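Everything on this sheet refers to the single structure shown next.
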Amino acid sequence: MSGVSLLQSWKNIKLDEAVLKIVGGGTPSKSTPEYYKGDIPWMSVKDLKGYTLKSTQDYITQEAVENSATNIIPKGIPIVATRMSLGKIVIASFDTAINQDLKAIFLSPYVSVQFFVYWYRSKLNIIESLGTGTTVKGIRLDNLKNLEFCLYPLAEQKEIVRLLDTHLATVTQIQARLEAIPKILERFRQSVLADAVSGRLSGTEFNQVDKLEIGNVAELNPKKEKQTDDFEVSFSSMSMMSAEFDKPLGFESKRWSEVKKGYTFFKNNDVLLAKITPCFENGKSVIANNLINGIGTGSTEFLVIRCSDKVLPTWILYHFKQNSFIASGVANMSGSVGHRRVPKEFIESYKIYLPSLDKQVEIINRTKQLLAYAEQIEKSVAAAKARVDNLTQSILHQAFTGQLTAEWREQNPELISGDNSAEALLARIQAEG
């Protein structure tokens, strides 16, 4: 078979032609709690994590199966989402019932299950585009059946699976390594901050007896300064506050006449600290700057720290960004569940080292250099992760356009021709049907 590697060795058919049957499921009545106290796995969209399912969140009884539209799917059968999480596919390592948002695809024995899983993953964007619905997207069964399926000769299916297993395992390893880097960088940042505020970063650790309470060097929640009604100020809520370093405070414009009684008042260079959980736990603190007319108002859930001439705002901020400070604040929170907050008194009495202003500037500049270095690495990692994430779809595309097995076809023409061809395979599938 001369030049076989340059020819299309597969047949493009409708998915329905390669499938024996498609089976859906259902949900046992929630008004009968006893149905959900059994030992039969019952699978829903929330279980679609990864590509191999080892357990489900819910279990039902045999009576629930008999009194609902659910079906028990044998292990090893591909199960896809047809409502929500479109494009997701999984194979359970056990028999499982399924709900109405899932479909089990029973394939012809002439189609490799793992080959099908890889092919389905390659169609992610197409499947998502076929979703209809306003709030929850779903794909119609007819659209699923009419997807264009690549029927390869059996030997080539196996070779594609072998190559994809190897290539995508490498991609997964790279992704895991990249995903570990942000945690490493966070530990680095915390180490830098700890060394900065203790003096170790400047080569001389501060004396423990030199600690001062924040309340001695800063004013908390200073009073508003009355302005004219048409005076323009910056308004900010906690949702506009970031936990990231050097991220400017987001704000919108308000006139003083629109400022409600009780709003928090702050100025440029004030340190703002979210005092409620989970915002406090997430490290939401920032230095106010670029405010309209230098003045801002906003959420009553800010604590405002206005520094004296003895301490720089960034020096205070570095303390607030430390995990040790956050943990201590959480331990001192008061209030009911869901409304717990850090008391003003805790912040006022929190002790910090207070070197000279020149020493603060020196340490802050060095700290900024190290934090900028970490941020640069983080951006590079994010860019690399985006490229690697796209690599999976690129490799899958190569597999189902014949590029991945071009050399293999050149070396094995007898495995894709005659009785081994896709045409012959399709004829056997049709005869079987």
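Numbering starts fresh at 1 for the residues of each chain in the structure tokens, the chains themselves are lettered A, B, ... in the order given, and ligands are numbered from 1 as they appear.
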Exercise for the section: Tell me which protein, DNA and RNA residues are within 12 Å of segment 404-410 of chain A, counting only C-alpha atoms, leaving out same-chain ones fewer than 2 positions away, and put them as a ChimeraX atom specification. Expected result: /A:1-10,152-153,155-164,167,394-402,412-417,421
Practice task
Could you give me the residues within segment 272-346 of chain A that DSSP places in strand (DSSP E), as a list in words?
Solution key: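 For segment 272-346 of chain A, the strand (DSSP E) set is Leu272, Leu273, Ala274, Ser285, Val286, Ile287, Ile295, Gly296, Thr297, Gly298, Phe302, Leu303, Val304, Ile305, Arg306 and Cys307 of chain A.
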Problem - Nearest candidate to Leu124 of chain A (options A:Gly294, A:Gln393, A:Ala194, A:Asp270; using only C-alpha atoms) - result: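 Answer, going by the shortest atom-to-atom distance: A:Gln393.
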Practice task
For segment 77-88 of chain A, work out the shell of residues within 7 Å, counting only C-alpha atoms and skipping chain neighbours fewer than 4 positions away, then give it as a list in words.
Solution key: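 Here the answer would be Val45, Leu48, Asp101, Leu102, Lys103, Ala104, Ile105, Phe106, Arg121, Leu124, Ile127, Glu128, Val136, Lys137, Gly138 and Ile139 of chain A.
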Exercise for the section: Could you give me, as number ranges by chain, the residues within 8 Å of segment 311-319 of chain A, counting only C-alpha atoms and dropping anything in the same chain fewer than 2 positions from it? Expected result: A: 193, 197, 217-218, 269-271, 285-287, 306-309, 321-322, 325, 352, 354, 357, 360, 364
Handout entry: Residue contacts of Asp47 of chain A (10 Å, only C-alpha atoms) excluding same-chain residues fewer than 6 positions away, as a list in words
Key =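 Here the qualifying residues turn out to be Leu53, Lys54, Ser55, Thr56, Gln57, Asp58 and Val90 of chain A.
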How would the residues just picked look written out with C-alpha atoms as an mmCIF file, in the first residue's frame?
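Produced file selection-v9.cif, reproduced below:
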```cif
data_model
loop_
_atom_site.group_PDB
_atom_site.id
_atom_site.type_symbol
_atom_site.label_atom_id
_atom_site.label_comp_id
_atom_site.auth_asym_id
_atom_site.auth_seq_id
_atom_site.Cartn_x
_atom_site.Cartn_y
_atom_site.Cartn_z
ATOM 1 C CA LEU A 53 -14.368 7.248 39.185
ATOM 2 C CA LYS A 54 -13.523 5.340 42.370
ATOM 3 C CA SER A 55 -16.534 6.312 44.500
ATOM 4 C CA THR A 56 -19.703 8.421 44.497
ATOM 5 C CA GLN A 57 -20.983 10.928 47.022
ATOM 6 C CA ASP A 58 -24.429 9.319 47.209
ATOM 7 C CA VAL A 90 -15.598 9.286 33.194
#
```
Handout entry: Selected residue, from A:Ala18, A:Pro74, A:Thr297, A:Lys46, that lies nearest to Gly250 of chain A when counting only C-alpha atoms
Key =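 Smallest separation from Gly250 of chain A among the options: A:Thr297.
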Exercise: Leu291 of chain A partners within 10 Å, only C-alpha atoms, chain neighbours under 4 positions left out, as a compact mmCIF listing (two decimals) with N, CA, C and O atoms, in the first residue's frame:
```txt
# COMPACT_ATOMS: atom_id res chain seq x y z
N GLU A 232 -16.47 65.47 46.02
CA GLU A 232 -16.38 64.14 45.43
C GLU A 232 -15.34 63.30 46.17
O GLU A 232 -14.24 63.73 46.43
N VAL A 233 -15.75 62.06 46.52
CA VAL A 233 -14.85 61.15 47.24
C VAL A 233 -14.86 59.78 46.55
O VAL A 233 -15.71 59.49 45.72
N SER A 234 -13.88 58.97 46.93
CA SER A 234 -13.81 57.60 46.42
C SER A 234 -14.58 56.68 47.35
O SER A 234 -14.43 56.75 48.57
N PHE A 235 -15.41 55.80 46.77
CA PHE A 235 -16.15 54.83 47.57
C PHE A 235 -15.62 53.43 47.26
O PHE A 235 -15.39 53.08 46.11
N LEU A 249 -6.43 49.80 45.44
CA LEU A 249 -7.80 49.68 45.92
C LEU A 249 -8.76 50.07 44.82
O LEU A 249 -8.63 51.12 44.20
N GLY A 250 -9.75 49.21 44.56
CA GLY A 250 -10.77 49.56 43.57
C GLY A 250 -11.80 50.49 44.19
O GLY A 250 -12.14 50.37 45.36
N PHE A 251 -12.28 51.46 43.44
CA PHE A 251 -13.27 52.37 43.99
C PHE A 251 -14.13 52.98 42.88
O PHE A 251 -13.81 52.91 41.70
N GLU A 252 -15.23 53.55 43.32
CA GLU A 252 -16.10 54.32 42.43
C GLU A 252 -16.32 55.69 43.05
O GLU A 252 -15.98 55.92 44.22
N SER A 253 -16.87 56.59 42.29
CA SER A 253 -17.03 57.97 42.77
C SER A 253 -18.38 58.17 43.45
O SER A 253 -19.39 57.64 43.01
N PHE A 266 -11.54 57.28 55.21
CA PHE A 266 -10.08 57.09 55.12
C PHE A 266 -9.48 58.07 54.13
O PHE A 266 -10.20 58.73 53.36
N LYS A 267 -8.15 58.17 54.17
CA LYS A 267 -7.41 59.09 53.30
C LYS A 267 -6.29 58.33 52.59
O LYS A 267 -5.99 57.17 52.92
N ASN A 268 -5.68 59.00 51.61
CA ASN A 268 -4.49 58.43 50.97
C ASN A 268 -3.47 58.05 52.04
O ASN A 268 -3.27 58.79 53.01
N ASN A 269 -2.83 56.92 51.86
CA ASN A 269 -1.77 56.38 52.74
C ASN A 269 -2.29 55.76 54.02
O ASN A 269 -1.49 55.29 54.84
N ILE A 295 -9.55 61.49 49.47
CA ILE A 295 -10.44 61.04 50.54
C ILE A 295 -11.33 59.90 50.04
O ILE A 295 -11.78 59.90 48.89
N GLY A 296 -11.59 58.91 50.91
CA GLY A 296 -12.45 57.80 50.56
C GLY A 296 -13.39 57.42 51.68
O GLY A 296 -13.15 57.72 52.85
N THR A 297 -14.48 56.77 51.31
CA THR A 297 -15.41 56.20 52.29
C THR A 297 -15.78 54.81 51.80
O THR A 297 -15.54 54.46 50.66
```
Problem - Close residues, Ala64 of chain A itself excluded, 9 Å, only C-alpha atoms, min 6 positions apart in chain, as a PyMOL selection string - result: chain A and resi 27-29+32+34-36+38+70
What would the file look like if the residues just selected were written as an mmCIF file, in the first residue's frame with N, CA and C atoms?
```cif
data_model
loop_
_atom_site.group_PDB
_atom_site.id
_atom_site.type_symbol
_atom_site.label_atom_id
_atom_site.label_comp_id
_atom_site.auth_asym_id
_atom_site.auth_seq_id
_atom_site.Cartn_x
_atom_site.Cartn_y
_atom_site.Cartn_z
ATOM 1 N N THR A 27 -33.400 10.256 39.071
ATOM 2 C CA THR A 27 -33.188 10.558 40.486
ATOM 3 C C THR A 27 -34.321 9.989 41.324
ATOM 4 N N PRO A 28 -34.010 9.099 42.261
ATOM 5 C CA PRO A 28 -35.046 8.610 43.181
ATOM 6 C C PRO A 28 -35.649 9.780 43.964
ATOM 7 N N SER A 29 -36.890 9.627 44.365
ATOM 8 C CA SER A 29 -37.601 10.699 45.058
ATOM 9 C C SER A 29 -36.858 11.158 46.313
ATOM 10 N N THR A 32 -38.348 10.636 49.862
ATOM 11 C CA THR A 32 -38.214 9.351 50.561
ATOM 12 C C THR A 32 -36.752 9.197 50.986
ATOM 13 N N GLU A 34 -35.245 7.332 52.910
ATOM 14 C CA GLU A 34 -34.744 5.957 53.034
ATOM 15 C C GLU A 34 -34.071 5.479 51.742
ATOM 16 N N TYR A 35 -34.496 6.051 50.601
ATOM 17 C CA TYR A 35 -33.902 5.661 49.324
ATOM 18 C C TYR A 35 -32.388 5.921 49.297
ATOM 19 N N TYR A 36 -31.944 6.879 50.092
ATOM 20 C CA TYR A 36 -30.542 7.306 50.056
ATOM 21 C C TYR A 36 -29.733 6.734 51.237
ATOM 22 N N GLY A 38 -28.800 3.330 51.140
ATOM 23 C CA GLY A 38 -28.416 2.014 50.656
ATOM 24 C C GLY A 38 -26.930 1.899 50.388
ATOM 25 N N THR A 70 -33.675 5.696 37.293
ATOM 26 C CA THR A 70 -32.232 5.446 37.260
ATOM 27 C C THR A 70 -31.939 4.069 36.688
#
```
Problem - In segment 92-328 of chain A, DSSP alpha helix (DSSP H) residues written as a ChimeraX atom specification - result: /A:113-122,124-129,141-145,154-198,214-217,313-320,323-328
Handout entry: Given only C-alpha atoms as the counted atoms, nearest of A:Gly26, A:Gly131, A:Gly329, A:Pro41 to Asn67 of chain A
Key =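 Of A:Gly26, A:Gly131, A:Gly329, A:Pro41, the one nearest Asn67 of chain A is A:Gly26, counting only C-alpha atoms.
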Exercise for the section: Can you work out which one of A:Ser349, A:Ser242, A:Gln430, A:Thr166 has the shortest atom-to-atom distance to Glu213 of chain A, counting only C-alpha atoms? Expected result: A:Ser349
Exercise for the section: Rank A:Lys284, A:Asp389, A:Lys226, A:Trp42 by their smallest atom-to-atom distance to Gln62 of chain A, using only C-alpha atoms, and report the top residue only. Expected result: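 Using only C-alpha atoms, Gln62 of chain A sits closest to A:Trp42.
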Practice task
Can you work out which one of A:Glu179, A:Glu66, A:Asp39, A:Glu281 has the shortest atom-to-atom distance to Ala386 of chain A, counting only C-alpha atoms?
Solution key: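 That would be A:Glu179, the residue with the smallest distance to Ala386 of chain A.
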